[in-house]
There are 2 protein chains.
Amino acid sequence: MQFRRDPEPAPDSPARPGRRRDPAVDEAVKTAVLELLAERGWDGISMDAVAARAKVGKASIYRRWSSRVQMVAETIGELNRGEAAAPDTGTLRGDLLEVVGAMVLTLRGPLGDASRALIGVLPHEPDLAAAFQEGSLGVWRDTFRQVFGAAVARGELDPTRLGTAAAEAGPAVVMQRWLVLGRPLDDDLAQEVVDDVMLPLLTR
Amino acid sequence: MQFRRDPEPAPDSPARPGRRRDPAVDEAVKTAVLELLAERGWDGISMDAVAARAKVGKASIYRRWSSRVQMVAETIGELNRGEAAAPDTGTLRGDLLEVVGAMVLTLRGPLGDASRALIGVLPHEPDLAAAFQEGSLGVWRDTFRQVFGAAVARGELDPTRLGTAAAEAGPAVVMQRWLVLGRPLDDDLAQEVVDDVMLPLLTR
């Protein structure tokens with residue numbers, strides 16, 4: 001076993017959320033959660049497995065999260081917050097190329113594999129579903145909203161298209177290839193989606 | 001326990017694929033597989049659980065399938081074969097309304113919930129992934145191919161659009177709402193997808 005022992009409370013001690021948490025431990029745990037989800041799916045996630053992979057004491061994990069659902073929910077809820085800034089290239093096409101391109105890169109990485117592993121679990125775990133909707137998906141929803149809002153303000157986009165199936169179609173092609181069809185997400189997919197799906201539907 | 005004992009070989013007997021199978025048992029097992037996948041996800045599938053739900057002897061199950069992967073793969077591989085006949089309304093719009101409408105109805109039912117439960121398992125189970133691609137998805141792929149082919153023959157559809165992201169966009173909206181966004185699939189979704197996404201992209 002490779003646990004690094006730490007002098008913190010035992011697993012059955014009450015959680016102390018007020019205490020300052022070590023960001024390095026948080027980071028190691030979240031990385032371990034994503035790796036295990038990608039490699040083994042939801043079945044691969046247990047407090048023991050995450051502690052071993054992250055090389056942190058189980059006490060550190062139980063002090064932060066009381067269940068694997070909480071641990072995974074926080075991991076996926078916060079993970080791509082750093083990518084939330086909407087692009088501002090000055091054109092709808094430029095902005096969409098950046099956002100859809102970022103989506104493709106994210107889905108190709110550990111967050112993409114982890115999210116796929118959770119799709120079938122979400123209907124059975126409401127806290128996880130809420131974290132998924134607010135976190136990973138919320139970031140993209142907010143970014144598209146800002147990009148579309150800027151395009152409406154520039155007169156590039158008809159505001160009646162917002163919130164319709166037409167506005168969902170581009171990202172949906174990416175999601176379908178990745179989740180359902182199991183096809184690789186090519187480098188030129190973002191441009192095809194923007195030029196052949198999104199712009200024709202949104203600006204015709 | 002509610003097992004119905006049958007006089008067939010014990011679980012460790014060799015499978016006898018040549019023997020005529022009782023279609024009622026096949027049907028009960030496949031229904032049980034779908035129900036358990038929908039209710040409890042992949043974790044809910046074991047030979048014991050399926051035998052109990054289907055009210056058949058475990059021997060009957062082991063005589064047909066040597067593993068849960070084989071059992072689930074055959075279930076999802078054959079399930080919507082009955083819906084494979086492509087519509088022939090005479091117009092692309094009429095045909096698409098029928099196919100997308102059937103897709104919405106299927107995804108709302110047990111096959112939809114079962115497929116969602118399997119999305120995260122597919123990357124780890126190649127046999128299951130192959131059955132999913134050939135079975136459930138294969139039926140839709142073949143149906144769209146026939147509908148698009150008829151529309152090309154009538155001069156309604158530009159053949160250069162086939163196989164592009166634009167041709168995937170309509171079904172992708174349905175898949176994304178159901179799998180990723182967790183939104184209900186409304187009765188009017190098929191019409192919105194056909195009129196606001198598919199026809200503008202395919203026939204403009």
# chains A, B, ... in the order shown; residues from 1 in each chain; ligands from 1

call {"tool": "interface_residues", "arguments": {"of": "chain B", "to": "chain A", "cutoff": "9 Å", "atoms": "only C-alpha atoms", "output": "PyMOL selection string"}}
result
chain B and resi 39-43+113-124+129+133+137+164-166+168-177+179-182+189+192-193+196-197+200-201

call {"tool": "calpha_fit_and_write", "arguments": {"fixed": "chain B", "moving": "chain A", "output": "PDB file with C-alpha atoms, in the first residue's frame"}}
result
ATOM      1  CA  MET A   1     -36.875 -16.931  -4.320  1.00  0.00           C
ATOM      2  CA  GLN A   2     -39.125 -17.181  -7.286  1.00  0.00           C
ATOM      3  CA  PHE A   3     -37.011 -19.266  -9.625  1.00  0.00           C
ATOM      4  CA  ARG A   4     -39.071 -21.559 -11.761  1.00  0.00           C
ATOM      5  CA  ARG A   5     -37.025 -24.730 -11.846  1.00  0.00           C
ATOM      6  CA  ASP A   6     -36.564 -26.343 -15.188  1.00  0.00           C
ATOM      7  CA  PRO A   7     -35.076 -29.731 -16.054  1.00  0.00           C
ATOM      8  CA  GLU A   8     -32.230 -28.324 -18.103  1.00  0.00           C
ATOM      9  CA  PRO A   9     -28.466 -28.669 -17.708  1.00  0.00           C
ATOM     10  CA  ALA A  10     -26.725 -27.202 -14.682  1.00  0.00           C
ATOM     11  CA  PRO A  11     -24.851 -23.889 -15.052  1.00  0.00           C
ATOM     12  CA  ASP A  12     -21.551 -25.633 -15.587  1.00  0.00           C
ATOM     13  CA  SER A  13     -22.796 -27.770 -18.454  1.00  0.00           C
ATOM     14  CA  PRO A  14     -21.550 -26.830 -21.909  1.00  0.00           C
ATOM     15  CA  ALA A  15     -23.764 -24.498 -23.871  1.00  0.00           C
ATOM     16  CA  ARG A  16     -25.798 -26.221 -26.558  1.00  0.00           C
ATOM     17  CA  PRO A  17     -26.551 -23.544 -29.109  1.00  0.00           C
ATOM     18  CA  GLY A  18     -28.020 -26.076 -31.552  1.00  0.00           C
ATOM     19  CA  ARG A  19     -30.926 -26.905 -29.275  1.00  0.00           C
ATOM     20  CA  ARG A  20     -34.149 -25.083 -29.948  1.00  0.00           C
ATOM     21  CA  ARG A  21     -34.603 -22.244 -27.479  1.00  0.00           C
ATOM     22  CA  ASP A  22     -37.921 -21.368 -25.901  1.00  0.00           C
ATOM     23  CA  PRO A  23     -38.795 -17.928 -27.277  1.00  0.00           C
ATOM     24  CA  ALA A  24     -40.824 -17.119 -24.154  1.00  0.00           C
ATOM     25  CA  VAL A  25     -37.699 -17.519 -22.009  1.00  0.00           C
ATOM     26  CA  ASP A  26     -35.644 -15.376 -24.386  1.00  0.00           C
ATOM     27  CA  GLU A  27     -38.311 -12.703 -24.247  1.00  0.00           C
ATOM     28  CA  ALA A  28     -38.580 -12.788 -20.442  1.00  0.00           C
ATOM     29  CA  VAL A  29     -34.809 -12.543 -20.054  1.00  0.00           C
ATOM     30  CA  LYS A  30     -34.452  -9.661 -22.469  1.00  0.00           C
ATOM     31  CA  THR A  31     -37.276  -7.760 -20.800  1.00  0.00           C
ATOM     32  CA  ALA A  32     -35.622  -8.332 -17.425  1.00  0.00           C
ATOM     33  CA  VAL A  33     -32.262  -7.113 -18.731  1.00  0.00           C
ATOM     34  CA  LEU A  34     -33.793  -3.869 -19.992  1.00  0.00           C
ATOM     35  CA  GLU A  35     -35.776  -3.289 -16.812  1.00  0.00           C
ATOM     36  CA  LEU A  36     -32.775  -3.846 -14.554  1.00  0.00           C
ATOM     37  CA  LEU A  37     -30.528  -1.649 -16.678  1.00  0.00           C
ATOM     38  CA  ALA A  38     -33.112   1.128 -16.566  1.00  0.00           C
ATOM     39  CA  GLU A  39     -33.737   0.815 -12.831  1.00  0.00           C
ATOM     40  CA  ARG A  40     -30.264   0.151 -11.499  1.00  0.00           C
ATOM     41  CA  GLY A  41     -27.761   0.614 -14.306  1.00  0.00           C
ATOM     42  CA  TRP A  42     -24.992  -1.784 -15.250  1.00  0.00           C
ATOM     43  CA  ASP A  43     -24.418  -2.606 -11.569  1.00  0.00           C
ATOM     44  CA  GLY A  44     -27.923  -4.085 -11.474  1.00  0.00           C
ATOM     45  CA  ILE A  45     -27.116  -6.752 -14.054  1.00  0.00           C
ATOM     46  CA  SER A  46     -26.032 -10.144 -12.785  1.00  0.00           C
ATOM     47  CA  MET A  47     -27.085 -13.639 -13.837  1.00  0.00           C
ATOM     48  CA  ASP A  48     -28.823 -14.029 -10.471  1.00  0.00           C
ATOM     49  CA  ALA A  49     -30.717 -10.758 -10.690  1.00  0.00           C
ATOM     50  CA  VAL A  50     -31.842 -11.397 -14.261  1.00  0.00           C
ATOM     51  CA  ALA A  51     -32.995 -14.947 -13.457  1.00  0.00           C
ATOM     52  CA  ALA A  52     -35.001 -13.698 -10.490  1.00  0.00           C
ATOM     53  CA  ARG A  53     -36.591 -10.837 -12.409  1.00  0.00           C
ATOM     54  CA  ALA A  54     -37.392 -12.986 -15.454  1.00  0.00           C
ATOM     55  CA  LYS A  55     -38.649 -15.838 -13.242  1.00  0.00           C
ATOM     56  CA  VAL A  56     -36.617 -18.390 -15.185  1.00  0.00           C
ATOM     57  CA  GLY A  57     -34.070 -20.905 -13.949  1.00  0.00           C
ATOM     58  CA  LYS A  58     -30.462 -19.848 -13.941  1.00  0.00           C
ATOM     59  CA  ALA A  59     -29.700 -22.969 -15.967  1.00  0.00           C
ATOM     60  CA  SER A  60     -31.824 -21.581 -18.804  1.00  0.00           C
ATOM     61  CA  ILE A  61     -29.772 -18.411 -18.769  1.00  0.00           C
ATOM     62  CA  TYR A  62     -26.365 -20.072 -18.638  1.00  0.00           C
ATOM     63  CA  ARG A  63     -27.396 -22.417 -21.449  1.00  0.00           C
ATOM     64  CA  ARG A  64     -27.929 -19.365 -23.650  1.00  0.00           C
ATOM     65  CA  TRP A  65     -25.246 -16.950 -22.519  1.00  0.00           C
ATOM     66  CA  SER A  66     -21.940 -17.549 -20.801  1.00  0.00           C
ATOM     67  CA  SER A  67     -21.602 -14.018 -19.401  1.00  0.00           C
ATOM     68  CA  ARG A  68     -23.636 -10.936 -18.598  1.00  0.00           C
ATOM     69  CA  VAL A  69     -21.857  -9.101 -21.395  1.00  0.00           C
ATOM     70  CA  GLN A  70     -23.074 -11.660 -23.953  1.00  0.00           C
ATOM     71  CA  MET A  71     -26.579 -11.566 -22.523  1.00  0.00           C
ATOM     72  CA  VAL A  72     -26.819  -7.775 -22.610  1.00  0.00           C
ATOM     73  CA  ALA A  73     -25.125  -7.576 -26.010  1.00  0.00           C
ATOM     74  CA  GLU A  74     -27.703  -9.907 -27.572  1.00  0.00           C
ATOM     75  CA  THR A  75     -30.534  -8.039 -25.892  1.00  0.00           C
ATOM     76  CA  ILE A  76     -29.562  -4.605 -27.165  1.00  0.00           C
ATOM     77  CA  GLY A  77     -28.350  -5.976 -30.492  1.00  0.00           C
ATOM     78  CA  GLU A  78     -31.726  -7.386 -31.477  1.00  0.00           C
ATOM     79  CA  LEU A  79     -34.165  -5.216 -29.673  1.00  0.00           C
ATOM     80  CA  ASN A  80     -35.381  -2.662 -32.141  1.00  0.00           C
ATOM     81  CA  ARG A  81     -34.866  -4.772 -35.235  1.00  0.00           C
ATOM     82  CA  GLY A  82     -38.658  -4.782 -35.557  1.00  0.00           C
ATOM     83  CA  GLU A  83     -38.631  -1.042 -36.174  1.00  0.00           C
ATOM     84  CA  ALA A  84     -36.167  -1.283 -39.033  1.00  0.00           C
ATOM     85  CA  ALA A  85     -38.602  -0.795 -41.918  1.00  0.00           C
ATOM     86  CA  ALA A  86     -38.015   2.678 -43.353  1.00  0.00           C
ATOM     87  CA  PRO A  87     -41.112   4.811 -43.901  1.00  0.00           C
ATOM     88  CA  ASP A  88     -42.163   5.637 -47.457  1.00  0.00           C
ATOM     89  CA  THR A  89     -44.423   8.669 -47.274  1.00  0.00           C
ATOM     90  CA  GLY A  90     -43.262  10.097 -50.590  1.00  0.00           C
ATOM     91  CA  THR A  91     -41.509  13.165 -49.162  1.00  0.00           C
ATOM     92  CA  LEU A  92     -38.307  13.703 -47.208  1.00  0.00           C
ATOM     93  CA  ARG A  93     -40.189  15.713 -44.586  1.00  0.00           C
ATOM     94  CA  GLY A  94     -42.826  13.023 -44.122  1.00  0.00           C
ATOM     95  CA  ASP A  95     -40.233  10.277 -43.813  1.00  0.00           C
ATOM     96  CA  LEU A  96     -38.077  12.257 -41.370  1.00  0.00           C
ATOM     97  CA  LEU A  97     -41.054  13.087 -39.151  1.00  0.00           C
ATOM     98  CA  GLU A  98     -41.758   9.363 -38.858  1.00  0.00           C
ATOM     99  CA  VAL A  99     -38.170   8.307 -38.204  1.00  0.00           C
ATOM    100  CA  VAL A 100     -37.337  11.057 -35.716  1.00  0.00           C
ATOM    101  CA  GLY A 101     -40.730  10.553 -34.047  1.00  0.00           C
ATOM    102  CA  ALA A 102     -39.986   6.833 -33.664  1.00  0.00           C
ATOM    103  CA  MET A 103     -36.556   7.685 -32.258  1.00  0.00           C
ATOM    104  CA  VAL A 104     -38.130   9.928 -29.618  1.00  0.00           C
ATOM    105  CA  LEU A 105     -40.618   7.231 -28.618  1.00  0.00           C
ATOM    106  CA  THR A 106     -37.914   4.573 -28.392  1.00  0.00           C
ATOM    107  CA  LEU A 107     -35.607   6.736 -26.285  1.00  0.00           C
ATOM    108  CA  ARG A 108     -38.459   7.507 -23.883  1.00  0.00           C
ATOM    109  CA  GLY A 109     -38.987   3.781 -23.282  1.00  0.00           C
ATOM    110  CA  PRO A 110     -36.995   0.986 -21.634  1.00  0.00           C
ATOM    111  CA  LEU A 111     -34.519   0.728 -24.502  1.00  0.00           C
ATOM    112  CA  GLY A 112     -33.657   4.382 -24.032  1.00  0.00           C
ATOM    113  CA  ASP A 113     -33.011   4.071 -20.322  1.00  0.00           C
ATOM    114  CA  ALA A 114     -31.059   0.861 -20.875  1.00  0.00           C
ATOM    115  CA  SER A 115     -28.865   2.436 -23.530  1.00  0.00           C
ATOM    116  CA  ARG A 116     -28.090   5.402 -21.291  1.00  0.00           C
ATOM    117  CA  ALA A 117     -27.018   2.984 -18.566  1.00  0.00           C
ATOM    118  CA  LEU A 118     -24.558   1.378 -20.996  1.00  0.00           C
ATOM    119  CA  ILE A 119     -22.892   4.489 -22.473  1.00  0.00           C
ATOM    120  CA  GLY A 120     -20.219   4.527 -19.774  1.00  0.00           C
ATOM    121  CA  VAL A 121     -19.638   0.778 -20.007  1.00  0.00           C
ATOM    122  CA  LEU A 122     -19.084   0.592 -23.758  1.00  0.00           C
ATOM    123  CA  PRO A 123     -15.452   1.831 -23.719  1.00  0.00           C
ATOM    124  CA  HIS A 124     -14.576  -1.031 -21.364  1.00  0.00           C
ATOM    125  CA  GLU A 125     -16.562  -3.801 -23.095  1.00  0.00           C
ATOM    126  CA  PRO A 126     -15.786  -4.136 -26.818  1.00  0.00           C
ATOM    127  CA  ASP A 127     -18.402  -6.869 -27.436  1.00  0.00           C
ATOM    128  CA  LEU A 128     -21.080  -4.690 -25.917  1.00  0.00           C
ATOM    129  CA  ALA A 129     -19.906  -1.696 -27.930  1.00  0.00           C
ATOM    130  CA  ALA A 130     -20.079  -3.706 -31.146  1.00  0.00           C
ATOM    131  CA  ALA A 131     -23.594  -4.910 -30.336  1.00  0.00           C
ATOM    132  CA  PHE A 132     -24.678  -1.347 -29.539  1.00  0.00           C
ATOM    133  CA  GLN A 133     -23.243   0.015 -32.796  1.00  0.00           C
ATOM    134  CA  GLU A 134     -24.702  -2.776 -34.899  1.00  0.00           C
ATOM    135  CA  GLY A 135     -27.977  -3.192 -33.051  1.00  0.00           C
ATOM    136  CA  SER A 136     -29.756  -0.171 -31.608  1.00  0.00           C
ATOM    137  CA  LEU A 137     -27.733   2.379 -33.564  1.00  0.00           C
ATOM    138  CA  GLY A 138     -27.427   0.245 -36.678  1.00  0.00           C
ATOM    139  CA  VAL A 139     -31.194   0.164 -37.070  1.00  0.00           C
ATOM    140  CA  TRP A 140     -31.414   3.955 -37.071  1.00  0.00           C
ATOM    141  CA  ARG A 141     -28.375   4.359 -39.299  1.00  0.00           C
ATOM    142  CA  ASP A 142     -29.895   1.987 -41.874  1.00  0.00           C
ATOM    143  CA  THR A 143     -33.264   3.694 -41.699  1.00  0.00           C
ATOM    144  CA  PHE A 144     -31.828   7.188 -42.204  1.00  0.00           C
ATOM    145  CA  ARG A 145     -29.706   5.838 -45.072  1.00  0.00           C
ATOM    146  CA  GLN A 146     -32.819   4.511 -46.827  1.00  0.00           C
ATOM    147  CA  VAL A 147     -34.784   7.713 -46.231  1.00  0.00           C
ATOM    148  CA  PHE A 148     -31.903   9.881 -47.479  1.00  0.00           C
ATOM    149  CA  GLY A 149     -31.347   7.571 -50.458  1.00  0.00           C
ATOM    150  CA  ALA A 150     -34.998   7.859 -51.504  1.00  0.00           C
ATOM    151  CA  ALA A 151     -34.811  11.666 -51.174  1.00  0.00           C
ATOM    152  CA  VAL A 152     -31.696  11.800 -53.353  1.00  0.00           C
ATOM    153  CA  ALA A 153     -33.490   9.656 -55.950  1.00  0.00           C
ATOM    154  CA  ARG A 154     -36.441  12.099 -55.917  1.00  0.00           C
ATOM    155  CA  GLY A 155     -34.073  15.055 -56.306  1.00  0.00           C
ATOM    156  CA  GLU A 156     -35.020  16.439 -52.877  1.00  0.00           C
ATOM    157  CA  LEU A 157     -31.619  16.030 -51.303  1.00  0.00           C
ATOM    158  CA  ASP A 158     -28.104  17.006 -52.362  1.00  0.00           C
ATOM    159  CA  PRO A 159     -26.074  13.768 -52.144  1.00  0.00           C
ATOM    160  CA  THR A 160     -22.939  15.684 -51.103  1.00  0.00           C
ATOM    161  CA  ARG A 161     -24.603  16.302 -47.724  1.00  0.00           C
ATOM    162  CA  LEU A 162     -24.691  12.596 -46.840  1.00  0.00           C
ATOM    163  CA  GLY A 163     -22.166  11.534 -44.212  1.00  0.00           C
ATOM    164  CA  THR A 164     -21.461  15.099 -43.080  1.00  0.00           C
ATOM    165  CA  ALA A 165     -21.949  16.761 -39.717  1.00  0.00           C
ATOM    166  CA  ALA A 166     -25.006  18.474 -41.221  1.00  0.00           C
ATOM    167  CA  ALA A 167     -26.651  15.094 -41.814  1.00  0.00           C
ATOM    168  CA  GLU A 168     -26.019  14.106 -38.177  1.00  0.00           C
ATOM    169  CA  ALA A 169     -27.338  17.284 -36.583  1.00  0.00           C
ATOM    170  CA  GLY A 170     -31.039  16.431 -36.222  1.00  0.00           C
ATOM    171  CA  PRO A 171     -30.701  13.093 -34.444  1.00  0.00           C
ATOM    172  CA  ALA A 172     -27.832  14.615 -32.443  1.00  0.00           C
ATOM    173  CA  VAL A 173     -30.181  17.206 -30.905  1.00  0.00           C
ATOM    174  CA  VAL A 174     -32.476  14.396 -29.739  1.00  0.00           C
ATOM    175  CA  MET A 175     -29.558  12.373 -28.345  1.00  0.00           C
ATOM    176  CA  GLN A 176     -28.059  15.379 -26.568  1.00  0.00           C
ATOM    177  CA  ARG A 177     -31.328  16.333 -24.859  1.00  0.00           C
ATOM    178  CA  TRP A 178     -31.909  12.805 -23.702  1.00  0.00           C
ATOM    179  CA  LEU A 179     -28.373  11.725 -22.754  1.00  0.00           C
ATOM    180  CA  VAL A 180     -26.534  14.862 -21.746  1.00  0.00           C
ATOM    181  CA  LEU A 181     -29.063  17.510 -20.819  1.00  0.00           C
ATOM    182  CA  GLY A 182     -31.484  15.128 -19.104  1.00  0.00           C
ATOM    183  CA  ARG A 183     -34.425  17.040 -20.564  1.00  0.00           C
ATOM    184  CA  PRO A 184     -37.735  15.338 -21.344  1.00  0.00           C
ATOM    185  CA  LEU A 185     -38.295  14.562 -25.012  1.00  0.00           C
ATOM    186  CA  ASP A 186     -41.466  16.504 -25.822  1.00  0.00           C
ATOM    187  CA  ASP A 187     -44.073  15.408 -28.326  1.00  0.00           C
ATOM    188  CA  ASP A 188     -43.249  18.338 -30.600  1.00  0.00           C
ATOM    189  CA  LEU A 189     -39.488  17.742 -30.582  1.00  0.00           C
ATOM    190  CA  ALA A 190     -39.511  15.604 -33.738  1.00  0.00           C
ATOM    191  CA  GLN A 191     -41.216  18.351 -35.738  1.00  0.00           C
ATOM    192  CA  GLU A 192     -38.871  21.050 -34.412  1.00  0.00           C
ATOM    193  CA  VAL A 193     -35.841  18.932 -35.255  1.00  0.00           C
ATOM    194  CA  VAL A 194     -37.065  18.138 -38.755  1.00  0.00           C
ATOM    195  CA  ASP A 195     -38.300  21.627 -39.679  1.00  0.00           C
ATOM    196  CA  ASP A 196     -35.728  23.794 -37.892  1.00  0.00           C
ATOM    197  CA  VAL A 197     -32.587  21.653 -38.141  1.00  0.00           C
ATOM    198  CA  MET A 198     -32.702  18.840 -40.693  1.00  0.00           C
ATOM    199  CA  LEU A 199     -34.568  20.326 -43.642  1.00  0.00           C
ATOM    200  CA  PRO A 200     -32.717  23.696 -43.534  1.00  0.00           C
ATOM    201  CA  LEU A 201     -29.338  21.937 -43.445  1.00  0.00           C
ATOM    202  CA  LEU A 202     -30.103  19.225 -45.985  1.00  0.00           C
ATOM    203  CA  THR A 203     -32.238  20.998 -48.559  1.00  0.00           C
ATOM    204  CA  ARG A 204     -31.163  24.642 -48.545  1.00  0.00           C
TER     205      ARG A 204
END

call {"tool": "select_by_dssp", "arguments": {"residues": "range 27-192 of chain B", "states": "helix (DSSP H, G or I)", "output": "PyMOL selection string"}}
result
chain B and resi 27-40+42-44+47-54+58-64+68-83+92-108+110-118+122-124+126-134+136-153+159-161+165-180+189-192
